[in-house]
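Scroll down for the structure; my scribbles are underneath it.
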Amino acid sequence: MVKIVVFDSGLGSLSIIKEIQKICKSDIIYFADQKNFPYGGKSKKQLEVIIKQTIKLLEENFSPDLIVMASNTPSLMVKITNKKVIGVNPPINEAMMLSKTKNIAILGTRSVIKSKSLSSYIKKFNFSKNEKIFKVNSSELVNLVESNKFVTDKIYCKKIIKKTLADVISDKIDVVTLSSTHLTFLKSLLSSEFPQVKFVDPANTVANNVLANIKKESEKNTIKIFTSGNVKLFKKNLLKLGIKNKVNFLST
């Protein structure tokens, strides 16, 4: 039996959980920290306090084998020393290798896009001057997912996608990283709007990282769901996604 806690500020964790459950059987505790949504609107100092308190809370309540921090924002901006924690980072090296034009874009939350942490992360790869990266604040797109608009109002979503990306995604940009776990839910809408672009999702990489760090699988996949926000509202939004599990409250 392996117990894995997966958390972020809302629905984004589900994109990671789906991939984990595809490749290994585990007992998953999913914590949607909606009280602190959006992580992408927080300063580095605020995030450090929130994330460290959250990891401590999850350790004390669930004693997990692994904790998946299923959000690019804290994974990039908060230094975590706990060896149980697995983060998710923009798959920019993979994106650059896939790109024929060597012009790629990173879609992320406002905090990430403006952060020194992202700039430092990009520098690690020593890209040449011919390899260009465009950073795009996609917080509005994250809100489309958390509000469930991507299920209830696809026409509105397409309008916001156009507004956010039409001026950014030129003929040059052929690969884009979905560097918020929420954005995975918009992948089909993004692809239909920009069919010439390949959208790269890091969820499979994270799931493989989880698999590499577990000693023994569980007998079957199970999931328990917790939120620090409104339980009834979150349950209603999960039902729209076909998820009928009980939702529990967890105070932060």
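To be explicit about the labels: the chains of the structure tokens are called A, B, and onward in the order shown, and within each one the residues are counted from 1, while ligands get numbers from 1 in the order they are shown.
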
DSSP on the backbone: what in segment 17-252 of chain A comes out strand (DSSP E), as a PDB file with N, CA and C atoms, in the first residue's frame?
ATOM      1  N   ASP A  27      -3.181   4.746  -2.981  1.00  0.00           N
ATOM      2  CA  ASP A  27      -4.231   5.387  -2.178  1.00  0.00           C
ATOM      3  C   ASP A  27      -3.933   6.879  -2.164  1.00  0.00           C
ATOM      4  N   ILE A  28      -4.779   7.639  -2.845  1.00  0.00           N
ATOM      5  CA  ILE A  28      -4.520   9.075  -3.004  1.00  0.00           C
ATOM      6  C   ILE A  28      -5.415   9.898  -2.092  1.00  0.00           C
ATOM      7  N   ILE A  29      -4.791  10.867  -1.436  1.00  0.00           N
ATOM      8  CA  ILE A  29      -5.517  11.896  -0.700  1.00  0.00           C
ATOM      9  C   ILE A  29      -5.351  13.173  -1.505  1.00  0.00           C
ATOM     10  N   TYR A  30      -6.457  13.696  -1.962  1.00  0.00           N
ATOM     11  CA  TYR A  30      -6.438  14.910  -2.787  1.00  0.00           C
ATOM     12  C   TYR A  30      -6.905  16.071  -1.925  1.00  0.00           C
ATOM     13  N   PHE A  31      -6.022  17.060  -1.754  1.00  0.00           N
ATOM     14  CA  PHE A  31      -6.359  18.240  -0.967  1.00  0.00           C
ATOM     15  C   PHE A  31      -6.399  19.465  -1.860  1.00  0.00           C
ATOM     16  N   ALA A  32      -7.595  20.030  -1.993  1.00  0.00           N
ATOM     17  CA  ALA A  32      -7.782  21.264  -2.760  1.00  0.00           C
ATOM     18  C   ALA A  32      -7.765  22.434  -1.780  1.00  0.00           C
ATOM     19  N   LEU A  66       4.452   9.906  -0.051  1.00  0.00           N
ATOM     20  CA  LEU A  66       4.870  10.982  -0.958  1.00  0.00           C
ATOM     21  C   LEU A  66       3.854  12.115  -0.919  1.00  0.00           C
ATOM     22  N   ILE A  67       4.337  13.335  -1.162  1.00  0.00           N
ATOM     23  CA  ILE A  67       3.454  14.492  -1.300  1.00  0.00           C
ATOM     24  C   ILE A  67       3.727  15.106  -2.667  1.00  0.00           C
ATOM     25  N   VAL A  68       2.701  15.169  -3.495  1.00  0.00           N
ATOM     26  CA  VAL A  68       2.859  15.797  -4.812  1.00  0.00           C
ATOM     27  C   VAL A  68       2.304  17.215  -4.746  1.00  0.00           C
ATOM     28  N   MET A  69       3.190  18.188  -4.890  1.00  0.00           N
ATOM     29  CA  MET A  69       2.803  19.592  -4.934  1.00  0.00           C
ATOM     30  C   MET A  69       2.417  19.878  -6.386  1.00  0.00           C
ATOM     31  N   VAL A  85       8.525  15.371  -0.982  1.00  0.00           N
ATOM     32  CA  VAL A  85       7.758  16.259  -1.857  1.00  0.00           C
ATOM     33  C   VAL A  85       8.259  16.219  -3.301  1.00  0.00           C
ATOM     34  N   ILE A  86       7.318  16.002  -4.211  1.00  0.00           N
ATOM     35  CA  ILE A  86       7.589  16.041  -5.654  1.00  0.00           C
ATOM     36  C   ILE A  86       6.824  17.223  -6.242  1.00  0.00           C
ATOM     37  N   ASN A 103      11.010  28.673 -31.133  1.00  0.00           N
ATOM     38  CA  ASN A 103      10.265  29.737 -30.451  1.00  0.00           C
ATOM     39  C   ASN A 103       9.137  29.059 -29.672  1.00  0.00           C
ATOM     40  N   ILE A 104       9.235  29.086 -28.362  1.00  0.00           N
ATOM     41  CA  ILE A 104       8.205  28.443 -27.546  1.00  0.00           C
ATOM     42  C   ILE A 104       7.607  29.453 -26.561  1.00  0.00           C
ATOM     43  N   ALA A 105       6.455  29.100 -25.989  1.00  0.00           N
ATOM     44  CA  ALA A 105       5.820  29.969 -24.992  1.00  0.00           C
ATOM     45  C   ALA A 105       5.526  29.167 -23.733  1.00  0.00           C
ATOM     46  N   ILE A 106       5.570  29.849 -22.600  1.00  0.00           N
ATOM     47  CA  ILE A 106       5.198  29.255 -21.311  1.00  0.00           C
ATOM     48  C   ILE A 106       3.916  29.936 -20.842  1.00  0.00           C
ATOM     49  N   LEU A 107       2.872  29.138 -20.633  1.00  0.00           N
ATOM     50  CA  LEU A 107       1.646  29.671 -20.050  1.00  0.00           C
ATOM     51  C   LEU A 107       1.677  29.373 -18.558  1.00  0.00           C
ATOM     52  N   GLY A 108       1.576  30.403 -17.741  1.00  0.00           N
ATOM     53  CA  GLY A 108       1.635  30.208 -16.290  1.00  0.00           C
ATOM     54  C   GLY A 108       0.846  31.273 -15.557  1.00  0.00           C
ATOM     55  N   LYS A 132      14.144  31.046 -28.418  1.00  0.00           N
ATOM     56  CA  LYS A 132      13.428  32.113 -27.703  1.00  0.00           C
ATOM     57  C   LYS A 132      12.234  31.568 -26.919  1.00  0.00           C
ATOM     58  N   ILE A 133      12.067  32.139 -25.717  1.00  0.00           N
ATOM     59  CA  ILE A 133      10.959  31.734 -24.841  1.00  0.00           C
ATOM     60  C   ILE A 133      10.099  32.955 -24.514  1.00  0.00           C
ATOM     61  N   PHE A 134       8.810  32.833 -24.763  1.00  0.00           N
ATOM     62  CA  PHE A 134       7.859  33.905 -24.476  1.00  0.00           C
ATOM     63  C   PHE A 134       7.019  33.499 -23.262  1.00  0.00           C
ATOM     64  N   LYS A 135       6.953  34.379 -22.261  1.00  0.00           N
ATOM     65  CA  LYS A 135       6.237  34.077 -21.023  1.00  0.00           C
ATOM     66  C   LYS A 135       4.867  34.765 -21.036  1.00  0.00           C
ATOM     67  N   VAL A 136       3.816  33.985 -20.797  1.00  0.00           N
ATOM     68  CA  VAL A 136       2.450  34.513 -20.931  1.00  0.00           C
ATOM     69  C   VAL A 136       1.657  34.353 -19.635  1.00  0.00           C
ATOM     70  N   ASN A 137       1.197  35.469 -19.088  1.00  0.00           N
ATOM     71  CA  ASN A 137       0.345  35.445 -17.900  1.00  0.00           C
ATOM     72  C   ASN A 137      -1.009  34.838 -18.283  1.00  0.00           C
ATOM     73  N   VAL A 175       5.309  25.535 -30.182  1.00  0.00           N
ATOM     74  CA  VAL A 175       5.151  24.675 -29.005  1.00  0.00           C
ATOM     75  C   VAL A 175       4.910  25.556 -27.769  1.00  0.00           C
ATOM     76  N   VAL A 176       3.953  25.138 -26.947  1.00  0.00           N
ATOM     77  CA  VAL A 176       3.589  25.906 -25.752  1.00  0.00           C
ATOM     78  C   VAL A 176       3.496  24.965 -24.557  1.00  0.00           C
ATOM     79  N   THR A 177       4.079  25.369 -23.413  1.00  0.00           N
ATOM     80  CA  THR A 177       3.975  24.534 -22.207  1.00  0.00           C
ATOM     81  C   THR A 177       2.772  24.972 -21.376  1.00  0.00           C
ATOM     82  N   LEU A 178       2.028  23.986 -20.892  1.00  0.00           N
ATOM     83  CA  LEU A 178       0.905  24.253 -19.996  1.00  0.00           C
ATOM     84  C   LEU A 178       1.453  24.250 -18.567  1.00  0.00           C
ATOM     85  N   LYS A 198       1.649  22.780 -30.705  1.00  0.00           N
ATOM     86  CA  LYS A 198       1.660  21.596 -29.832  1.00  0.00           C
ATOM     87  C   LYS A 198       1.705  22.080 -28.379  1.00  0.00           C
ATOM     88  N   PHE A 199       0.744  21.651 -27.582  1.00  0.00           N
ATOM     89  CA  PHE A 199       0.681  22.041 -26.171  1.00  0.00           C
ATOM     90  C   PHE A 199       1.242  20.907 -25.309  1.00  0.00           C
ATOM     91  N   VAL A 200       2.289  21.218 -24.530  1.00  0.00           N
ATOM     92  CA  VAL A 200       2.995  20.196 -23.760  1.00  0.00           C
ATOM     93  C   VAL A 200       2.566  20.254 -22.293  1.00  0.00           C
ATOM     94  N   THR A 222      -7.510   4.182  -4.937  1.00  0.00           N
ATOM     95  CA  THR A 222      -8.556   4.800  -4.115  1.00  0.00           C
ATOM     96  C   THR A 222      -8.262   6.299  -4.020  1.00  0.00           C
ATOM     97  N   ILE A 223      -9.295   7.080  -3.733  1.00  0.00           N
ATOM     98  CA  ILE A 223      -9.090   8.523  -3.563  1.00  0.00           C
ATOM     99  C   ILE A 223     -10.020   9.070  -2.485  1.00  0.00           C
ATOM    100  N   LYS A 224      -9.451   9.873  -1.596  1.00  0.00           N
ATOM    101  CA  LYS A 224     -10.220  10.604  -0.593  1.00  0.00           C
ATOM    102  C   LYS A 224      -9.992  12.092  -0.872  1.00  0.00           C
ATOM    103  N   ILE A 225     -11.058  12.871  -0.828  1.00  0.00           N
ATOM    104  CA  ILE A 225     -10.980  14.281  -1.240  1.00  0.00           C
ATOM    105  C   ILE A 225     -11.250  15.214  -0.064  1.00  0.00           C
ATOM    106  N   PHE A 226     -10.386  16.222   0.052  1.00  0.00           N
ATOM    107  CA  PHE A 226     -10.520  17.241   1.092  1.00  0.00           C
ATOM    108  C   PHE A 226     -10.397  18.624   0.465  1.00  0.00           C
ATOM    109  N   THR A 227     -11.064  19.597   1.071  1.00  0.00           N
ATOM    110  CA  THR A 227     -10.904  20.987   0.644  1.00  0.00           C
ATOM    111  C   THR A 227     -10.838  21.889   1.872  1.00  0.00           C
ATOM    112  N   VAL A 247     -16.746  14.740  -0.243  1.00  0.00           N
ATOM    113  CA  VAL A 247     -15.742  15.797  -0.035  1.00  0.00           C
ATOM    114  C   VAL A 247     -15.729  16.157   1.445  1.00  0.00           C
ATOM    115  N   ASN A 248     -14.540  16.128   2.038  1.00  0.00           N
ATOM    116  CA  ASN A 248     -14.354  16.436   3.451  1.00  0.00           C
ATOM    117  C   ASN A 248     -13.696  17.803   3.632  1.00  0.00           C
ATOM    118  N   PHE A 249     -13.962  18.425   4.766  1.00  0.00           N
ATOM    119  CA  PHE A 249     -13.328  19.716   5.056  1.00  0.00           C
ATOM    120  C   PHE A 249     -12.048  19.497   5.836  1.00  0.00           C
TER     121      PHE A 249
END

>> I want to know what sits within 10 Å of segment 180-183 of chain A, based on only C-alpha atoms, with residues of the same chain fewer than 6 positions away left out; could you give that as number ranges by chain?
In response: A: 8-16, 40, 70-73, 88-90, 106-109, 112, 138-139, 141-146, 190, 201-203

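Straight-line separation from atom CA of Pro74 of chain A to atom CA of Val5 of chain A: 15.7 Å.
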
> Out of A:Lys116, A:Glu140, A:Thr101, A:Lys56, which residue has the shortest atom-to-atom distance to Gly41 of chain A when counting only C-alpha atoms?
Replying inline: A:Glu140

>> What's around Val78 of chain A at 8 Å? Count only C-alpha atoms, leave out sequence neighbours fewer than 5 positions away in its own chain, and write the answer as a ChimeraX atom specification.
In response: /A:44,47-48,51

> Where in segment 5-143 of chain A does DSSP assign alpha helix (DSSP H), given as a PyMOL selection string?
Replying inline: chain A and resi 13-23+44-62+72-77+92-98+110-113+116-123+139-143
